[in-house]
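Worksheet: one structure, shown below.
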Amino acid sequence: MKVLWIFLFFLNMSLLWGKAIDQYPDFNLKYLAPPPATVYYGEKLAIPFVLHFIHLADSLVWYSLPAGSYVEQVFGHCPPVGGIFNLWRGDCHYNLIIPGNAINKVFSGAPTVAVLWQYDNRKQNFFHKLAPIHVQVIPHCPSMLNIPVQQATANSHFVLPLRPFVQYYEENLRAGTAFAAQLVPGAQDGLLFDAKQFAITGIPTRIGTYTFAVGGMTSRCKTQPTTITIKVVDNPKDKPVFKNTLSLLTAMPDQIYRMNLLELLETPNHFMVSNQLSFRIESKYSNAAWLSISPTNPTLLEGKVPAQLAGQMAKFTLVASSNTGGDSEPVHVSIPIAYDPSRKPAIKPFVIEHATNQLMDFDLRSYVVTMDDEPWTLFVDKIEPMASWLSHTATALQGIPPADAAGQQYDVTLRVNTESGGSSDAITVPIKIAINPQLTPYFEDPDIILPVAMSNTYYSYDFAKNNTVLPENIPYQIEFDTTSPQPGWVTIQNNRLIIKQVPETSANSIPLRLLIRNLPGGTSLVYRTDLKIISNSTL
């Protein structure tokens, strides 16, 4: 009897099965809510929709998705994408994901599901579309951040850039959406909003507390205002002080002259942190008419030297001012103007190599060429990257490179100056700090085993994810050993071995030679490994 019941059960199921697969698929798509028209930059928009189906069979494929978007399954009775054989009904919930990865990008299209049905010798394609979407990536609405209490000095120039205090300012700028600031009151005792500088600026005419409300708007959004408090005080300890002895570059007749005025101060770095320093030529004194402060850089003196002034002195009176320290004492400056350009000095190229934690005192006298051994003075124009440990005298570069400078190269732009011939051409020389052998990188396990690659496919292997590189916590870069030729179709990008398409090759494996490089430790030993390749045609 039991055997009979089992026979009847399977007979019934087979009849139902045959009947079911003979049914045409019935399915439809619908959004669970109207799709939004925008997504914020840097965020993902999930548009929920549901697939209802009956007698779905054979294969399901998504078409016409907006470029860059994708479908993710959320929950429900869901058919797999590709080959399927699902005879019953179900509801599957999905999200259409729109990534906001590019400002102003537009995602448009009508997501479509296609089902290929076949029974016996009959085949038919069935389609169903969602309503078209049009989603644009937009910047966030700006908002005002809290602004710390600011300090200013009465009767001294003050600038407070507002850009750092507007959240998403740069994002809106990239989107071409202008942010217009609004200051209330618009002006107060010498301070006002300068739209060109996007800053509160001016010369406060009293000591005390200034209070402003600042907000703004774009074409889409308006911010809530925030309060700015500016305390105007007299702060003598921040008063700029000029050096007792000024080293000045000699000017050349009929040429542009420029001077970094920060070099004339005792402690310029103290003021440069917040860029609160400015200079002015004091008008109540007699000054060289051809000299002025740059309109775009308040710490740069510039002007074209009249040709008839060769051999003379250009005299002017300079005042330095900081927001919190007020004006310095005036300093009377005399710039010598060269009288014989043929006596222009020169610097021969050189390289400095030095170890960390050891005093460097590099004398340039053997590299400087002057006429008749005329005395000269060293000037440093620029150091890249910035090196607070490096200083200079009239003839030498000095300093003690710290431990964290190991492996670093500093490019120092310098020139020398003589009274008769003026300034040499600027020359950039490298200071190479020796590596620390204890920090040379290496693989914890030197035996690197790469996954097998298959021809005509994409291949990627992440060295950082699959291998431990020591020392830890020091950024490193994996690259090919340039002394051993590697196939042009194999690259390393961001410590990943990349082959866009593995070619068909008669070789069973490709030898690879790798090395690791970090800044303080230099370059590792060469590591050897092989990439095995299997041809698709043999499978």
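The way I read the labels, and the way they are meant: chains A, B, ... in the order of the structure tokens, residue 1 as the first residue of every chain, and ligand 1 as the first ligand shown, with later ones counted on from there.
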
Within 7 Å of range 407-422 of chain A, counting only C-alpha atoms, which residues show up once you throw out same-chain ones fewer than 2 positions away? Write them as a compact mmCIF listing (two decimals) with C-alpha atoms, in the first residue's frame, please.
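Writing the result to part.txt gives the following:
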# COMPACT_ATOMS: atom_id res chain seq x y z
CA LEU A 249 69.90 90.61 -2.74
CA THR A 250 71.57 93.13 -5.05
CA ALA A 251 69.23 94.47 -7.73
CA MET A 252 70.14 94.38 -11.44
CA PRO A 336 72.34 97.96 -3.60
CA ALA A 338 74.69 96.28 -9.31
CA TYR A 339 76.87 98.33 -11.59
CA ASP A 340 78.59 95.58 -13.62
CA PRO A 341 76.41 92.66 -14.82
CA SER A 342 79.54 90.99 -16.23
CA ARG A 343 80.56 90.30 -12.62
CA LYS A 344 77.43 88.23 -12.01
CA PRO A 345 78.30 85.28 -9.71
CA GLU A 374 84.45 89.08 -4.37
CA PRO A 375 82.59 88.36 -1.10
CA TRP A 376 79.17 86.83 -1.53
CA THR A 377 76.10 85.94 0.54
CA LEU A 378 73.94 82.82 0.31
CA PHE A 379 70.15 83.10 -0.11
CA VAL A 380 67.67 80.19 0.03
CA ASP A 381 64.55 80.72 -2.10
CA LYS A 382 62.69 77.47 -1.49
CA ILE A 383 62.94 74.04 0.17
CA GLU A 384 60.75 71.17 -1.04
CA PRO A 385 59.45 69.40 0.89
CA ALA A 405 63.88 62.16 7.24
CA SER A 424 73.37 84.58 -9.54
CA ASP A 425 70.85 82.46 -11.38
CA ALA A 426 68.89 80.27 -8.99
CA ILE A 427 70.01 76.64 -8.82
CA THR A 428 68.21 73.70 -7.27
CA VAL A 429 70.40 71.16 -5.47
CA PRO A 430 69.31 67.89 -3.86
CA ILE A 431 70.00 66.95 -0.25
CA LYS A 432 69.72 63.15 -0.09
CA ILE A 433 69.26 61.71 3.38
CA ALA A 434 70.62 58.17 3.71
CA ILE A 435 68.20 55.31 4.22
CA LEU A 519 61.01 55.91 1.79
CA PRO A 520 63.10 55.42 4.97
CA GLY A 521 64.41 51.95 4.13
CA GLY A 522 65.01 52.10 0.39

Selection: 7 Å around range 471-488 of chain A, only C-alpha atoms, excl. self and same-chain fewer than 3 positions, as number ranges by chain
A: 439, 441, 492, 495, 512-518, 526

Output C-alpha atoms for every residue in the selection just made, as a compact mmCIF listing (two decimals), in the first residue's frame.
# COMPACT_ATOMS: atom_id res chain seq x y z
CA LEU A 439 63.69 49.81 7.80
CA PRO A 441 61.15 46.41 3.42
CA ILE A 492 51.70 46.49 -11.22
CA ASN A 495 50.53 46.93 -5.33
CA LEU A 512 58.54 37.66 -12.59
CA ARG A 513 61.12 39.62 -10.59
CA LEU A 514 59.75 41.88 -7.86
CA LEU A 515 61.09 44.33 -5.33
CA ILE A 516 59.63 46.48 -2.54
CA ARG A 517 60.47 50.12 -1.93
CA ASN A 518 59.72 52.44 0.98
CA VAL A 526 64.74 40.99 -5.60

For Val333 in chain A, which of A:Asn467, A:Ser366, A:Ser247, A:Ser388 is the closest residue, counting only C-alpha atoms?
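Between A:Asn467, A:Ser366, A:Ser247, A:Ser388, the residue approaching Val333 in chain A most closely is A:Ser247.
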
Residue contacts of Phe362 in chain A (12 Å, only C-alpha atoms) excluding same-chain residues fewer than 3 positions away, as a ChimeraX atom specification:
/A:350-354,359,365-367,390-400,431

Just C-alpha atoms for this one: save the residues we selected as a JSON list (two decimals), in the first residue's frame.
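Saved to part_12.json:
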[["chain", "number", "residue", "atom", "x", "y", "z"],
["A", 350, "PHE", "CA", 76.46, 69.80, -6.42],
["A", 351, "VAL", "CA", 74.70, 67.08, -4.43],
["A", 352, "ILE", "CA", 74.63, 66.70, -0.66],
["A", 353, "GLU", "CA", 74.34, 63.22, 0.86],
["A", 354, "HIS", "CA", 73.99, 62.98, 4.61],
["A", 359, "LEU", "CA", 75.20, 67.56, 12.09],
["A", 365, "ARG", "CA", 82.63, 78.24, -1.00],
["A", 366, "SER", "CA", 84.20, 75.68, -3.33],
["A", 367, "TYR", "CA", 81.06, 75.75, -5.53],
["A", 390, "LEU", "CA", 67.49, 73.01, 7.70],
["A", 391, "SER", "CA", 68.95, 76.52, 8.03],
["A", 392, "HIS", "CA", 71.75, 78.51, 6.42],
["A", 393, "THR", "CA", 74.48, 81.01, 7.17],
["A", 394, "ALA", "CA", 76.04, 83.45, 4.73],
["A", 395, "THR", "CA", 78.11, 80.63, 3.16],
["A", 396, "ALA", "CA", 76.77, 77.26, 4.36],
["A", 397, "LEU", "CA", 73.73, 74.97, 4.69],
["A", 398, "GLN", "CA", 73.34, 73.57, 8.19],
["A", 399, "GLY", "CA", 71.12, 71.28, 10.23],
["A", 400, "ILE", "CA", 70.61, 67.87, 11.79],
["A", 431, "ILE", "CA", 70.00, 66.95, -0.25]]

Would you mind listing what lies within 7 Å of Gly76 in chain A as a CSV table (one decimal) with C-alpha atoms, in the first residue's frame, with only C-alpha atoms counted and same-chain residues fewer than 5 positions away left out?
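selection-v9.csv was written with the following content:
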chain,number,residue,atom,x,y,z
A,91,ASP,CA,8.1,38.1,-5.2
A,92,CYS,CA,11.7,39.2,-5.2
A,93,HIS,CA,12.7,42.6,-3.8

Surrounding residues of Gln197 in chain A excluding itself and chain neighbours under 4 positions, 12 Å, only C-alpha atoms, as a compact mmCIF listing (two decimals) with N, CA and C atoms, in the first residue's frame:
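Dumped everything to selection_35.txt:
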# COMPACT_ATOMS: atom_id res chain seq x y z
N VAL A 159 42.28 89.68 8.09
CA VAL A 159 41.63 88.86 7.06
C VAL A 159 41.18 87.56 7.70
N LEU A 160 39.92 87.21 7.51
CA LEU A 160 39.41 85.91 7.95
C LEU A 160 38.76 85.23 6.75
N PRO A 161 39.48 84.31 6.06
CA PRO A 161 38.87 83.57 4.95
C PRO A 161 37.70 82.71 5.46
N LEU A 162 36.57 82.77 4.78
CA LEU A 162 35.39 82.04 5.22
C LEU A 162 35.25 80.68 4.56
N ARG A 163 36.00 80.45 3.49
CA ARG A 163 35.87 79.20 2.76
C ARG A 163 36.05 77.96 3.65
N ALA A 181 27.88 84.39 0.09
CA ALA A 181 27.84 84.60 1.53
C ALA A 181 27.06 85.88 1.86
N LEU A 192 34.47 94.38 7.04
CA LEU A 192 33.38 94.12 6.11
C LEU A 192 33.66 92.83 5.35
N PHE A 193 32.66 92.38 4.56
CA PHE A 193 32.83 91.17 3.76
C PHE A 193 33.32 91.55 2.37
N THR A 201 37.31 91.17 6.05
CA THR A 201 38.59 91.86 6.00
C THR A 201 38.42 93.32 6.37
N GLY A 202 39.53 93.99 6.56
CA GLY A 202 39.50 95.41 6.87
C GLY A 202 40.46 95.76 7.98
N THR A 296 49.09 90.67 -5.01
CA THR A 296 48.59 89.31 -4.80
C THR A 296 49.29 88.57 -3.67

Neighbours of Ser286 in chain A within 9 Å (only C-alpha atoms; same-chain residues fewer than 3 positions away dropped), as an NGL selection string?
:A and (282-283 or 289 or 315-317)

For the selection you just gave me, I'd like the residues written to a file as a short mmCIF file (atom, residue, chain, number, x, y, z; two decimals), in the first residue's frame, keeping N, CA and C atoms.
data_model
loop_
_atom_site.label_atom_id
_atom_site.label_comp_id
_atom_site.auth_asym_id
_atom_site.auth_seq_id
_atom_site.Cartn_x
_atom_site.Cartn_y
_atom_site.Cartn_z
N GLU A 282 56.10 102.41 4.25
CA GLU A 282 55.57 103.53 5.04
C GLU A 282 55.64 104.82 4.23
N SER A 283 54.48 105.39 3.94
CA SER A 283 54.39 106.51 3.00
C SER A 283 54.90 107.83 3.58
N ALA A 289 60.50 104.98 -5.80
CA ALA A 289 59.19 104.96 -6.44
C ALA A 289 58.93 103.67 -7.21
N LYS A 315 66.39 103.14 -1.61
CA LYS A 315 66.05 103.25 -0.19
C LYS A 315 64.54 103.32 -0.01
N PHE A 316 64.07 102.64 1.05
CA PHE A 316 62.65 102.71 1.41
C PHE A 316 62.50 102.31 2.87
N THR A 317 61.35 102.59 3.43
CA THR A 317 61.07 102.27 4.83
C THR A 317 59.93 101.26 4.89
#

To test your reading of the structure, identify every residue in range 268-395 of chain A that backbone DSSP assigns to strand (DSSP E or B), and report it as a short mmCIF file (atom, residue, chain, number, x, y, z; two decimals) with C-alpha atoms, in the first residue's frame.
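For reference, out.cif as written:
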data_model
loop_
_atom_site.label_atom_id
_atom_site.label_comp_id
_atom_site.auth_asym_id
_atom_site.auth_seq_id
_atom_site.Cartn_x
_atom_site.Cartn_y
_atom_site.Cartn_z
CA LEU A 277 51.46 88.71 8.24
CA SER A 278 51.55 91.62 5.82
CA PHE A 279 53.97 94.39 4.90
CA ARG A 280 53.65 97.96 3.75
CA ILE A 281 56.00 100.67 2.56
CA SER A 292 55.93 98.22 -4.19
CA ILE A 293 54.28 95.35 -2.29
CA LEU A 300 56.58 90.04 -1.58
CA LEU A 301 58.45 93.20 -2.57
CA GLU A 302 58.77 93.75 -6.31
CA GLY A 303 59.52 96.28 -9.02
CA LYS A 304 61.53 96.94 -12.17
CA MET A 313 71.11 102.47 -3.53
CA ALA A 314 67.32 102.03 -3.55
CA LYS A 315 66.05 103.25 -0.19
CA PHE A 316 62.65 102.71 1.41
CA THR A 317 61.07 102.27 4.83
CA LEU A 318 59.24 99.05 5.63
CA VAL A 319 56.65 98.14 8.29
CA ALA A 320 55.49 94.59 9.08
CA SER A 321 52.06 94.03 10.61
CA SER A 322 50.24 91.02 12.10
CA GLY A 326 50.05 95.20 15.29
CA ASP A 327 52.78 97.12 13.52
CA VAL A 331 63.03 99.61 9.34
CA HIS A 332 65.02 101.65 6.83
CA VAL A 333 66.22 99.44 3.98
CA SER A 334 68.86 100.14 1.32
CA ILE A 335 69.06 97.79 -1.65
CA PRO A 336 72.34 97.96 -3.60
CA ILE A 337 71.97 98.11 -7.37
CA ALA A 346 77.49 81.63 -10.45
CA ILE A 347 76.99 78.37 -8.52
CA ILE A 352 74.63 66.70 -0.66
CA GLU A 353 74.34 63.22 0.86
CA HIS A 354 73.99 62.98 4.61
CA MET A 360 75.37 68.76 8.49
CA ASP A 361 77.55 71.84 7.90
CA PHE A 362 77.99 72.09 4.13
CA ASP A 363 80.21 75.00 3.05
CA VAL A 368 80.60 79.53 -5.86
CA VAL A 369 82.34 81.42 -8.67
CA THR A 377 76.10 85.94 0.54
CA LEU A 378 73.94 82.82 0.31
CA PHE A 379 70.15 83.10 -0.11
CA VAL A 380 67.67 80.19 0.03
CA ASP A 381 64.55 80.72 -2.10
CA LYS A 382 62.69 77.47 -1.49
CA ILE A 383 62.94 74.04 0.17
CA GLU A 384 60.75 71.17 -1.04
CA LEU A 390 67.49 73.01 7.70
CA SER A 391 68.95 76.52 8.03
CA HIS A 392 71.75 78.51 6.42
#

Using only C-alpha atoms, which protein or nucleic acid residues come within 9 Å of Phe127 in chain A? Drop anything in the same chain fewer than 6 positions from it, and give the result as number ranges by chain.
A: 27-28, 112-116

Pull N, CA and C atoms from the residues just selected and write them as a compact mmCIF listing (two decimals), in the first residue's frame.
# COMPACT_ATOMS: atom_id res chain seq x y z
N PHE A 27 5.26 37.67 -15.46
CA PHE A 27 6.05 38.44 -14.50
C PHE A 27 5.91 39.92 -14.80
N ASN A 28 6.18 40.73 -13.77
CA ASN A 28 6.16 42.18 -13.94
C ASN A 28 7.05 42.83 -12.90
N THR A 112 15.31 46.88 -17.55
CA THR A 112 14.46 45.87 -18.20
C THR A 112 14.92 44.48 -17.78
N VAL A 113 13.96 43.60 -17.51
CA VAL A 113 14.27 42.20 -17.26
C VAL A 113 13.79 41.39 -18.47
N ALA A 114 14.62 40.46 -18.93
CA ALA A 114 14.29 39.61 -20.07
C ALA A 114 14.30 38.15 -19.62
N VAL A 115 13.30 37.40 -20.03
CA VAL A 115 13.20 35.97 -19.70
C VAL A 115 13.09 35.18 -20.99
N LEU A 116 14.00 34.21 -21.15
CA LEU A 116 13.93 33.31 -22.30
C LEU A 116 13.20 32.04 -21.86

Tell me which of A:Pro34, A:Gly109, A:Pro446, A:Pro99 sits closest to Leu65 in chain A, counting only C-alpha atoms.
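Result for the nearest residue to Leu65 in chain A: A:Gly109.
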
Among range 360-528 of chain A, which ones does DSSP assign to alpha helix (DSSP H) (computed from the backbone)? Answer as an MDAnalysis selection string.
chainID A and resid 463:466

Could you write out the selected residues, including C-alpha atoms, as a compact mmCIF listing (two decimals), in the first residue's frame?
# COMPACT_ATOMS: atom_id res chain seq x y z
CA PHE A 463 50.16 41.57 -3.08
CA ALA A 464 49.27 43.67 -0.03
CA LYS A 465 46.20 41.56 0.78
CA ASN A 466 47.88 38.18 0.35

For Ala131 in chain A, the nearest of the candidates A:Ser64, A:Gln150, A:Thr245, A:Asn104, counting only C-alpha atoms
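Under the stated criterion, the closest residue is A:Ser64.
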
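Proximity ranking of A:Pro236, A:Pro66, A:Gly208, A:Pro48 relative to Asn95 in chain A places A:Pro48 first, based on only C-alpha atoms.
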